[in-house]
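Enquirer: So here's run_24.cif, just mmCIF, C-alpha atoms:
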data_structure
#
loop_
_atom_site.group_PDB
_atom_site.id
_atom_site.type_symbol
_atom_site.label_atom_id
_atom_site.label_comp_id
_atom_site.auth_asym_id
_atom_site.auth_seq_id
_atom_site.Cartn_x
_atom_site.Cartn_y
_atom_site.Cartn_z
ATOM 1 C CA MET Y 1 91.478 69.863 138.829
ATOM 2 C CA ALA Y 2 91.708 66.668 136.803
ATOM 3 C CA GLU Y 3 88.273 67.176 135.311
ATOM 4 C CA GLN Y 4 89.375 69.699 132.689
ATOM 5 C CA PRO Y 5 88.102 68.872 129.213
ATOM 6 C CA CYS Y 6 90.724 67.932 126.654
ATOM 7 C CA PRO Y 7 90.892 71.079 124.485
ATOM 8 C CA GLU Y 8 91.442 73.272 127.463
ATOM 9 C CA MET Y 9 94.326 71.099 128.500
ATOM 10 C CA ALA Y 10 96.026 71.546 125.152
ATOM 11 C CA LEU Y 11 96.016 75.302 125.467
ATOM 12 C CA PRO Y 12 97.801 75.581 128.758
ATOM 13 C CA ALA Y 13 100.382 73.026 127.642
ATOM 14 C CA GLN Y 14 101.438 75.190 124.751
ATOM 15 C CA VAL Y 15 101.360 78.411 126.664
ATOM 16 C CA MET Y 16 103.480 76.749 129.279
ATOM 17 C CA ALA Y 17 106.132 75.729 126.777
ATOM 18 C CA ALA Y 18 106.223 79.235 125.396
ATOM 19 C CA ASP Y 19 106.873 80.729 128.792
ATOM 20 C CA ASN Y 20 109.152 78.136 130.222
ATOM 21 C CA THR Y 21 112.091 80.456 130.472
ATOM 22 C CA GLU Y 22 110.430 82.714 133.002
ATOM 23 C CA ALA Y 23 110.003 82.033 136.662
ATOM 24 C CA PHE Y 24 106.472 82.219 137.998
ATOM 25 C CA PRO Y 25 105.294 82.271 141.542
ATOM 26 C CA LEU Y 26 103.651 78.930 141.954
ATOM 27 C CA HIS Y 27 100.237 79.637 143.246
ATOM 28 C CA ALA Y 28 96.919 78.316 142.092
ATOM 29 C CA THR Y 29 94.326 80.789 140.923
ATOM 30 C CA ARG Y 30 90.639 80.306 141.235
ATOM 31 C CA ARG Y 31 89.545 78.727 137.955
ATOM 32 C CA GLY Y 32 85.944 79.680 138.417
ATOM 33 C CA SER Y 33 86.662 83.383 138.109
ATOM 34 C CA GLN Y 34 88.443 83.074 134.752
ATOM 35 C CA PRO Y 35 86.445 83.427 131.578
ATOM 36 C CA PRO Y 36 87.000 80.399 129.330
ATOM 37 C CA ALA Y 37 90.186 80.696 127.235
ATOM 38 C CA ARG Y 38 88.413 80.908 123.941
ATOM 39 C CA GLY Y 39 90.813 82.889 121.752
ATOM 40 C CA SER Y 40 90.577 86.355 123.190
ATOM 41 C CA GLU Y 41 91.020 88.590 120.181
ATOM 42 C CA GLU Y 42 91.516 91.831 122.049
ATOM 43 C CA GLY Y 43 94.676 92.265 124.029
ATOM 44 C CA LYS Y 44 93.898 91.812 127.724
ATOM 45 C CA PRO Y 45 97.142 91.411 129.652
ATOM 46 C CA PRO Y 46 95.588 90.601 133.002
ATOM 47 C CA LEU Y 47 93.789 87.648 131.485
ATOM 48 C CA LEU Y 48 96.981 86.270 129.994
ATOM 49 C CA LEU Y 49 98.866 86.618 133.239
ATOM 50 C CA SER Y 50 96.293 84.775 135.218
ATOM 51 C CA ARG Y 51 96.157 82.091 132.572
ATOM 52 C CA ARG Y 52 99.883 81.603 132.900
ATOM 53 C CA ASN Y 53 99.633 81.035 136.596
ATOM 54 C CA SER Y 54 96.886 78.543 136.249
ATOM 55 C CA VAL Y 55 99.044 76.585 133.796
ATOM 56 C CA LEU Y 56 101.688 75.893 136.387
ATOM 57 C CA SER Y 57 99.205 74.648 138.859
ATOM 58 C CA ARG Y 58 98.141 72.037 136.373
ATOM 59 C CA ARG Y 59 101.602 70.924 135.350
ATOM 60 C CA SER Y 60 101.546 67.814 137.433
ATOM 61 C CA SER Y 61 98.389 66.496 135.866
ATOM 62 C CA PHE Y 62 99.507 67.206 132.307
ATOM 63 C CA GLY Y 63 100.810 63.781 131.365
ATOM 64 C CA VAL Y 64 97.878 61.935 132.831
ATOM 65 C CA VAL Y 65 95.002 63.094 130.632
ATOM 66 C CA PRO Y 66 94.751 60.906 127.573
ATOM 67 C CA GLY Y 67 94.584 62.543 124.182
ATOM 68 C CA SER Y 68 96.311 65.724 125.275
ATOM 69 C CA ARG Y 69 98.678 67.249 122.790
ATOM 70 C CA ARG Y 70 102.406 66.963 123.339
ATOM 71 C CA PRO Y 71 103.988 70.347 123.630
ATOM 72 C CA SER Y 72 105.929 70.718 120.425
ATOM 73 C CA ILE Y 73 107.805 73.750 119.266
ATOM 74 C CA GLY Y 74 105.836 75.148 116.408
ATOM 75 C CA PRO Y 75 105.109 78.469 114.821
ATOM 76 C CA TRP Y 76 103.104 79.527 117.827
ATOM 77 C CA MET Y 77 106.311 79.575 119.855
ATOM 78 C CA PHE Y 78 107.133 82.980 118.488
ATOM 79 C CA HIS Y 79 103.773 84.468 119.326
ATOM 80 C CA ARG Y 80 102.937 85.611 122.764
ATOM 81 C CA ARG Y 81 99.325 84.643 122.535
ATOM 82 C CA VAL Y 82 97.698 81.516 121.227
ATOM 83 C CA SER Y 83 94.101 80.925 120.441
ATOM 84 C CA PHE Y 84 91.864 78.265 121.853
ATOM 85 C CA SER Y 85 92.793 75.797 119.118
ATOM 86 C CA GLY Y 86 96.511 76.272 119.652
ATOM 87 C CA LEU Y 87 97.216 78.322 116.563
ATOM 88 C CA PRO Y 88 99.064 81.610 116.940
ATOM 89 C CA LEU Y 89 96.990 84.743 117.257
ATOM 90 C CA PHE Y 90 98.230 87.604 115.150
ATOM 91 C CA GLN Y 91 97.864 91.066 116.540
ATOM 92 C CA PRO Y 92 95.351 92.935 114.426
ATOM 93 C CA ILE Y 93 97.183 95.444 112.249
ATOM 94 C CA LEU Y 94 95.968 98.938 112.887
ATOM 95 C CA LYS Y 95 95.667 100.878 109.670
ATOM 96 C CA THR Y 96 96.670 104.496 110.085
ATOM 97 C CA ARG Y 97 94.100 106.839 108.671
ATOM 98 C CA LEU Y 98 95.545 109.843 106.907
ATOM 99 C CA LYS Y 99 93.715 113.047 106.281
ATOM 100 C CA ASN Y 100 92.292 113.301 102.784
ATOM 101 C CA THR Y 101 94.269 115.682 100.603
ATOM 102 C CA TYR Y 102 91.720 115.662 97.754
ATOM 103 C CA ARG Y 103 94.625 115.691 95.341
ATOM 104 C CA MET Y 104 94.042 113.963 92.025
ATOM 105 C CA GLY Y 105 97.267 114.756 90.181
ATOM 106 C CA PRO Y 106 100.547 116.560 90.589
ATOM 107 C CA ASP Y 107 100.471 120.301 91.094
ATOM 108 C CA GLU Y 108 100.916 122.627 88.160
ATOM 109 C CA GLY Y 109 104.517 122.737 87.065
ATOM 110 C CA CYS Y 110 105.398 119.875 89.367
ATOM 111 C CA LYS Y 111 105.672 117.107 86.830
ATOM 112 C CA PHE Y 112 108.560 114.863 85.931
ATOM 113 C CA ASN Y 113 110.904 117.105 83.962
ATOM 114 C CA VAL Y 114 112.549 114.870 81.390
ATOM 115 C CA GLY Y 115 115.170 117.304 80.149
ATOM 116 C CA GLN Y 116 116.366 118.229 83.609
ATOM 117 C CA VAL Y 117 116.650 114.608 84.714
ATOM 118 C CA GLN Y 118 118.475 113.655 81.525
ATOM 119 C CA ARG Y 119 121.031 116.410 82.007
ATOM 120 C CA MET Y 120 121.500 115.285 85.590
ATOM 121 C CA LEU Y 121 122.037 111.684 84.460
ATOM 122 C CA GLU Y 122 124.620 112.628 81.885
ATOM 123 C CA GLY Y 123 126.536 114.740 84.355
ATOM 124 C CA ALA Y 124 126.436 112.080 87.064
ATOM 125 C CA LEU Y 125 127.563 109.292 84.751
ATOM 126 C CA ALA Y 126 130.435 111.325 83.378
ATOM 127 C CA SER Y 127 131.678 112.268 86.822
ATOM 128 C CA ALA Y 128 131.290 108.777 88.279
ATOM 129 C CA LEU Y 129 132.724 106.782 85.400
ATOM 130 C CA GLY Y 130 135.009 109.298 83.689
ATOM 131 C CA THR Y 131 138.217 107.344 83.605
ATOM 132 C CA THR Y 132 137.151 104.042 85.152
ATOM 133 C CA VAL Y 133 138.505 100.878 83.609
ATOM 134 C CA TYR Y 134 136.303 97.804 83.329
ATOM 135 C CA SER Y 135 137.233 94.878 85.576
ATOM 136 C CA PRO Y 136 135.109 91.738 86.064
ATOM 137 C CA GLN Y 137 135.270 91.738 89.864
ATOM 138 C CA GLY Y 138 135.112 95.453 90.424
ATOM 139 C CA SER Y 139 132.313 96.301 88.046
ATOM 140 C CA ALA Y 140 129.514 94.602 89.934
ATOM 141 C CA PRO Y 141 129.850 96.821 93.032
ATOM 142 C CA LEU Y 142 130.593 99.740 90.729
ATOM 143 C CA ALA Y 143 127.252 99.281 88.979
ATOM 144 C CA GLN Y 144 125.453 99.180 92.317
ATOM 145 C CA SER Y 145 127.156 102.291 93.603
ATOM 146 C CA VAL Y 146 126.448 104.164 90.377
ATOM 147 C CA VAL Y 147 122.765 103.284 90.502
ATOM 148 C CA GLU Y 148 122.485 104.376 94.122
ATOM 149 C CA LEU Y 149 124.227 107.626 93.307
ATOM 150 C CA LEU Y 150 121.814 108.230 90.453
ATOM 151 C CA GLN Y 151 118.875 107.568 92.712
ATOM 152 C CA HIS Y 152 120.062 110.102 95.260
ATOM 153 C CA ARG Y 153 120.590 112.718 92.587
ATOM 154 C CA ALA Y 154 117.240 111.947 90.997
ATOM 155 C CA LYS Y 155 115.438 112.387 94.309
ATOM 156 C CA GLU Y 156 116.783 115.930 94.528
ATOM 157 C CA VAL Y 157 115.653 116.838 91.028
ATOM 158 C CA VAL Y 158 112.295 115.110 90.804
ATOM 159 C CA PRO Y 159 109.168 116.673 92.403
ATOM 160 C CA PRO Y 160 107.635 115.114 95.538
ATOM 161 C CA ARG Y 161 105.073 112.277 95.388
ATOM 162 C CA TYR Y 162 107.035 110.540 92.627
ATOM 163 C CA LYS Y 163 108.214 106.952 92.926
ATOM 164 C CA LEU Y 164 111.481 106.277 91.103
ATOM 165 C CA VAL Y 165 112.906 103.249 89.366
ATOM 166 C CA CYS Y 166 116.568 103.627 88.364
ATOM 167 C CA HIS Y 167 118.172 101.057 86.101
ATOM 168 C CA VAL Y 168 121.829 100.927 84.984
ATOM 169 C CA VAL Y 169 123.449 98.600 82.456
ATOM 170 C CA LEU Y 170 127.231 98.578 82.666
ATOM 171 C CA GLY Y 171 129.330 96.553 80.275
ATOM 172 C CA GLN Y 172 132.732 96.003 78.807
ATOM 173 C CA GLN Y 173 133.472 97.780 75.566
ATOM 174 C CA GLY Y 174 133.970 95.130 72.921
ATOM 175 C CA GLN Y 175 132.891 94.349 69.403
ATOM 176 C CA GLN Y 176 129.372 93.435 70.391
ATOM 177 C CA SER Y 177 126.094 95.229 70.006
ATOM 178 C CA LEU Y 178 123.523 95.777 72.679
ATOM 179 C CA LEU Y 179 119.957 97.004 72.788
ATOM 180 C CA VAL Y 180 118.105 98.236 75.857
ATOM 181 C CA ALA Y 181 114.340 98.587 75.549
ATOM 182 C CA SER Y 182 111.654 99.436 78.043
ATOM 183 C CA ARG Y 183 107.925 99.874 78.025
ATOM 184 C CA ALA Y 184 105.593 100.879 80.769
ATOM 185 C CA LEU Y 185 101.945 100.801 81.678
ATOM 186 C CA TRP Y 186 101.249 104.110 83.377
ATOM 187 C CA ASP Y 187 99.532 107.433 83.128
ATOM 188 C CA PRO Y 188 101.308 109.306 80.332
ATOM 189 C CA ALA Y 189 100.110 112.686 81.550
ATOM 190 C CA THR Y 190 102.023 112.462 84.816
ATOM 191 C CA ASP Y 191 104.638 109.702 84.407
ATOM 192 C CA SER Y 192 107.724 109.636 82.253
ATOM 193 C CA PHE Y 193 111.310 108.479 82.026
ATOM 194 C CA ALA Y 194 114.752 109.805 81.153
ATOM 195 C CA SER Y 195 117.814 107.948 79.952
ATOM 196 C CA ALA Y 196 121.447 108.675 79.199
ATOM 197 C CA THR Y 197 124.435 106.760 77.928
ATOM 198 C CA PHE Y 198 128.129 107.045 78.581
ATOM 199 C CA SER Y 199 131.099 105.260 77.105
ATOM 200 C CA ASN Y 200 134.859 105.398 77.294
ATOM 201 C CA ALA Y 201 137.602 103.186 75.940
ATOM 202 C CA SER Y 202 136.941 100.223 78.220
ATOM 203 C CA LEU Y 203 133.325 100.366 79.314
ATOM 204 C CA PHE Y 204 129.891 101.678 78.492
ATOM 205 C CA ALA Y 205 126.913 102.497 80.666
ATOM 206 C CA VAL Y 206 123.223 103.027 79.961
ATOM 207 C CA ALA Y 207 121.151 104.630 82.733
ATOM 208 C CA THR Y 208 117.365 104.982 82.841
ATOM 209 C CA VAL Y 209 115.215 106.660 85.455
ATOM 210 C CA HIS Y 210 111.440 106.125 85.401
ATOM 211 C CA GLY Y 211 109.276 108.448 87.468
ATOM 212 C CA VAL Y 212 105.780 107.320 88.440
ATOM 213 C CA TYR Y 213 103.343 109.625 90.214
ATOM 214 C CA PHE Y 214 101.966 108.164 93.432
ATOM 215 C CA GLU Y 215 98.285 109.006 93.893
ATOM 216 C CA MET V 1 86.864 102.191 116.611
ATOM 217 C CA ASP V 2 90.073 100.961 115.013
ATOM 218 C CA GLU V 3 90.212 99.669 111.476
ATOM 219 C CA PHE V 4 92.015 96.494 110.610
ATOM 220 C CA GLN V 5 93.677 95.559 107.336
ATOM 221 C CA SER V 6 91.533 93.252 105.286
ATOM 222 C CA GLY V 7 94.517 91.322 103.920
ATOM 223 C CA GLU V 8 92.947 91.185 100.476
ATOM 224 C CA GLU V 9 94.942 94.020 98.959
ATOM 225 C CA ALA V 10 96.850 93.088 95.851
ATOM 226 C CA SER V 11 100.566 92.589 96.192
ATOM 227 C CA PHE V 12 103.327 91.943 93.721
ATOM 228 C CA VAL V 13 103.678 88.158 93.412
ATOM 229 C CA VAL V 14 107.191 87.459 92.164
ATOM 230 C CA ASP V 15 106.662 83.861 91.014
ATOM 231 C CA GLU V 16 103.696 84.708 88.891
ATOM 232 C CA VAL V 17 105.498 87.582 87.201
ATOM 233 C CA SER V 18 108.639 85.506 86.702
ATOM 234 C CA SER V 19 106.732 82.815 84.816
ATOM 235 C CA ILE V 20 105.016 85.438 82.663
ATOM 236 C CA ILE V 21 108.393 86.896 81.696
ATOM 237 C CA LYS V 22 109.879 83.494 80.867
ATOM 238 C CA GLU V 23 107.002 82.651 78.595
ATOM 239 C CA ALA V 24 107.305 85.965 76.815
ATOM 240 C CA ILE V 25 111.032 85.494 76.198
ATOM 241 C CA GLU V 26 110.610 81.941 74.953
ATOM 242 C CA GLY V 27 107.842 83.016 72.666
ATOM 243 C CA ALA V 28 109.677 85.947 71.144
ATOM 244 C CA ILE V 29 113.287 84.770 70.816
ATOM 245 C CA GLY V 30 113.071 81.093 71.790
ATOM 246 C CA GLY V 31 115.179 79.287 69.243
ATOM 247 C CA ASN V 32 116.747 82.178 67.350
ATOM 248 C CA ALA V 33 120.348 83.171 66.842
ATOM 249 C CA TYR V 34 121.415 86.767 67.273
ATOM 250 C CA GLN V 35 120.653 88.927 64.255
ATOM 251 C CA HIS V 36 121.272 92.643 64.433
ATOM 252 C CA SER V 37 118.414 93.453 62.117
ATOM 253 C CA LYS V 38 115.888 91.604 64.225
ATOM 254 C CA VAL V 39 116.912 92.714 67.694
ATOM 255 C CA ASN V 40 114.632 95.726 67.676
ATOM 256 C CA GLN V 41 111.678 93.563 66.833
ATOM 257 C CA TRP V 42 112.588 91.026 69.495
ATOM 258 C CA THR V 43 112.948 93.469 72.335
ATOM 259 C CA THR V 44 109.663 95.092 71.393
ATOM 260 C CA GLY V 45 108.016 91.702 71.238
ATOM 261 C CA VAL V 46 109.300 90.568 74.626
ATOM 262 C CA VAL V 47 108.352 93.785 76.344
ATOM 263 C CA GLU V 48 104.913 94.042 74.788
ATOM 264 C CA GLN V 49 104.050 90.443 75.507
ATOM 265 C CA THR V 50 105.182 90.768 79.125
ATOM 266 C CA LEU V 51 103.257 93.968 79.625
ATOM 267 C CA SER V 52 100.047 92.653 78.127
ATOM 268 C CA GLN V 53 100.165 89.528 80.274
ATOM 269 C CA LEU V 54 100.826 91.607 83.380
ATOM 270 C CA THR V 55 97.856 93.797 82.531
ATOM 271 C CA LYS V 56 95.657 90.732 82.307
ATOM 272 C CA LEU V 57 96.372 90.002 85.971
ATOM 273 C CA GLY V 58 94.045 92.872 86.703
ATOM 274 C CA LYS V 59 95.886 94.201 89.741
ATOM 275 C CA PRO V 60 95.960 97.910 90.693
ATOM 276 C CA PHE V 61 99.576 98.367 89.599
ATOM 277 C CA LYS V 62 101.584 100.524 87.259
ATOM 278 C CA TYR V 63 104.234 98.455 85.479
ATOM 279 C CA ILE V 64 107.654 99.176 84.006
ATOM 280 C CA VAL V 65 109.343 96.457 81.955
ATOM 281 C CA THR V 66 112.901 96.744 80.632
ATOM 282 C CA CYS V 67 114.691 94.320 78.358
ATOM 283 C CA VAL V 68 118.398 94.121 77.507
ATOM 284 C CA ILE V 69 119.554 91.889 74.678
ATOM 285 C CA MET V 70 123.273 91.511 74.107
ATOM 286 C CA GLN V 71 125.241 89.495 71.624
ATOM 287 C CA LYS V 72 127.622 86.942 73.123
ATOM 288 C CA ASN V 73 131.071 88.096 72.302
ATOM 289 C CA GLY V 74 133.129 87.527 75.418
ATOM 290 C CA ALA V 75 132.413 90.930 76.927
ATOM 291 C CA GLY V 76 131.116 91.304 80.457
ATOM 292 C CA LEU V 77 127.820 92.911 81.413
ATOM 293 C CA HIS V 78 126.363 94.121 84.712
ATOM 294 C CA THR V 79 122.936 95.514 85.433
ATOM 295 C CA ALA V 80 121.834 97.218 88.612
ATOM 296 C CA SER V 81 118.638 98.883 89.666
ATOM 297 C CA SER V 82 117.602 100.950 92.618
ATOM 298 C CA CYS V 83 114.078 102.021 93.444
ATOM 299 C CA PHE V 84 112.453 104.645 95.600
ATOM 300 C CA TRP V 85 109.038 103.266 96.511
ATOM 301 C CA ASP V 86 106.868 101.645 99.121
ATOM 302 C CA ASN V 87 108.466 98.354 100.117
ATOM 303 C CA SER V 88 105.307 96.771 101.371
ATOM 304 C CA SER V 89 103.277 97.071 98.189
ATOM 305 C CA ASP V 90 105.766 97.375 95.323
ATOM 306 C CA GLY V 91 108.055 94.746 93.910
ATOM 307 C CA THR V 92 110.394 93.747 91.145
ATOM 308 C CA CYS V 93 111.324 90.605 89.251
ATOM 309 C CA THR V 94 114.364 90.057 87.024
ATOM 310 C CA VAL V 95 114.851 87.112 84.698
ATOM 311 C CA ARG V 96 118.147 86.225 82.994
ATOM 312 C CA TRP V 97 117.975 84.097 79.889
ATOM 313 C CA GLU V 98 120.597 83.045 77.398
ATOM 314 C CA ASN V 99 121.201 80.845 74.429
ATOM 315 C CA LYS V 100 124.322 80.138 72.374
ATOM 316 C CA THR V 101 124.506 83.536 70.717
ATOM 317 C CA MET V 102 122.930 86.097 73.024
ATOM 318 C CA TYR V 103 121.971 87.123 76.541
ATOM 319 C CA CYS V 104 118.590 88.522 77.474
ATOM 320 C CA ILE V 105 117.820 90.211 80.808
ATOM 321 C CA VAL V 106 114.261 91.312 81.511
ATOM 322 C CA SER V 107 113.235 93.306 84.595
ATOM 323 C CA ALA V 108 109.654 93.987 85.566
ATOM 324 C CA PHE V 109 108.774 96.563 88.230
ATOM 325 C CA GLY V 110 105.305 96.852 89.711
ATOM 326 C CA LEU V 111 104.280 99.976 91.621
ATOM 327 C CA ALA V 112 101.016 100.055 93.504
ATOM 328 C CA ILE V 113 98.662 102.863 92.733
#
Would you mind writing the file out in structure tokens?
Expert:
Amino acid sequence: MAEQPCPEMALPAQVMAADNTEAFPLHATRRGSQPPARGSEEGKPPLLLSRRNSVLSRRSSFGVVPGSRRPSIGPWMFHRRVSFSGLPLFQPILKTRLKNTYRMGPDEGCKFNVGQVQRMLEGALASALGTTVYSPQGSAPLAQSVVELLQHRAKEVVPPRYKLVCHVVLGQQGQQSLLVASRALWDPATDSFASATFSNASLFAVATVHGVYFE
Amino acid sequence: MDEFQSGEEASFVVDEVSSIIKEAIEGAIGGNAYQHSKVNQWTTGVVEQTLSQLTKLGKPFKYIVTCVIMQKNGAGLHTASSCFWDNSSDGTCTVRWENKTMYCIVSAFGLAI
């Protein structure tokens, strides 16, 4: 058992450290029947299990072989399988294949309706901020809650297959001036935006919702 | 036969976009003091410069860039944004910039096609 070549020794050392919390039955497996541990890409649980067992049987001879790698905790620790060189093996990501809808653009009459969204924005801002007073600590969470509210309302009004970007600027009413500008690179036939402003004695708010069609 | 992701699909790289925005702001309003008559021009300049540089990246993205310029007068300002999109492919980057007389906040959103 002491004749294992160096690289093969490194592999079991790391696999051993990864599994050291579990208790294995200590029995030696026949090494001849195992295919060489050369980075099995496909998931084969029986192979891994038998490899684990063979690690323990070699534990005693680990420190003897010169040039073997010290088991160090590295990124591979979090991966259940390691390749032949000791680097973690990532599970291949299966891409789900969806049926082709052959749809090139939104359906007729199903586009981003600017007027409707603008009316919705004005109504939502007025109801959310009607009599609110500006305060430095309270306005940050207020801005976040307003923008989330607007997003929920926008989702109800906007047709399906549209991605939304909602943006709110909330500020204290003072003697300053402010300008909000936006520009977008998109398909003007299907994509658009709507914006609304609101102000009372102590604060002002500017809300914009951009709708982008997702092909 | 299962298909695997190639890993070469374009994604929104925040650092790259952030540096593009900073350059655009510096170029358009770098050493200027707030002037009401010029603000329109400045916001347009910042947004157009950002958008053209983003386009040059050549990625399959639709972009939305917003810019807020406010005069420094002691008033407070908050911005918030919320997006309904695909988390794995879309992203956003916001840059805050200021000088002695004004604040400038630029947000860039990238949505994968």
Enquirer: Quick one: which residues from chain V are at most 8 Å off chain Y, using only C-alpha atoms, as an MDAnalysis selection string?
Expert: chainID V and resid 2:5 36 39:40 43:44 47:48 51 62:73 75:85 109 113
Enquirer: By how many Å are atom CA of V:Lys59 and atom CA of Y:Phe193 apart?
Expert: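 Atom-to-atom, atom CA of V:Lys59 and atom CA of Y:Phe193 are spaced 22.4 Å apart.
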Enquirer: Enter the distance from atom CA of Y:Asp107 to atom CA of Y:Arg119, in Å, rounded to one decimal.
Expert: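 About the pair atom CA of Y:Asp107 and atom CA of Y:Arg119: they are 22.8 Å apart.
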Enquirer: Show which residues sit within 7 Å of stretch 16-22 of chain V, as a ChimeraX atom specification. Count only C-alpha atoms, and ignore same-chain residues fewer than 4 positions away.
Expert: /V:26,50,53,93,95
Enquirer: Next, the residues of the selection above should be written as a PDB file, in the frame of the given file with C-alpha atoms.
Expert:
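Output below, filename again_32.pdb:
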ATOM      1  CA  GLU V  26     110.610  81.941  74.953  1.00  0.00           C
ATOM      2  CA  THR V  50     105.182  90.768  79.125  1.00  0.00           C
ATOM      3  CA  GLN V  53     100.165  89.528  80.274  1.00  0.00           C
ATOM      4  CA  CYS V  93     111.324  90.605  89.251  1.00  0.00           C
ATOM      5  CA  VAL V  95     114.851  87.112  84.698  1.00  0.00           C
TER       6      VAL V  95
END
Enquirer: Between atom CA of Y:Ala126 and atom CA of Y:Ala196, what is the distance, to one decimal in Å?
Expert: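 Answer for the atom CA of Y:Ala126 to atom CA of Y:Ala196 separation: 10.3 Å.
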Enquirer: Got a sec: who's within 8 Å of Y:Phe112, counting only C-alpha atoms, leaving out chain neighbours fewer than 4 positions off, as a list in words?
Expert: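 With the cut-off at 8 Å, the set is Val158, Pro159, Thr190, Asp191, Ser192, Phe193 and Gly211 of chain Y.
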Enquirer: Those same residues - C-alpha atoms - I'd like them written as an mmCIF file, in the frame of the given file.
Expert:
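Below is the file that was written, part-v2.cif:
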data_model
loop_
_atom_site.group_PDB
_atom_site.id
_atom_site.type_symbol
_atom_site.label_atom_id
_atom_site.label_comp_id
_atom_site.auth_asym_id
_atom_site.auth_seq_id
_atom_site.Cartn_x
_atom_site.Cartn_y
_atom_site.Cartn_z
ATOM 1 C CA VAL Y 158 112.295 115.110 90.804
ATOM 2 C CA PRO Y 159 109.168 116.673 92.403
ATOM 3 C CA THR Y 190 102.023 112.462 84.816
ATOM 4 C CA ASP Y 191 104.638 109.702 84.407
ATOM 5 C CA SER Y 192 107.724 109.636 82.253
ATOM 6 C CA PHE Y 193 111.310 108.479 82.026
ATOM 7 C CA GLY Y 211 109.276 108.448 87.468
#
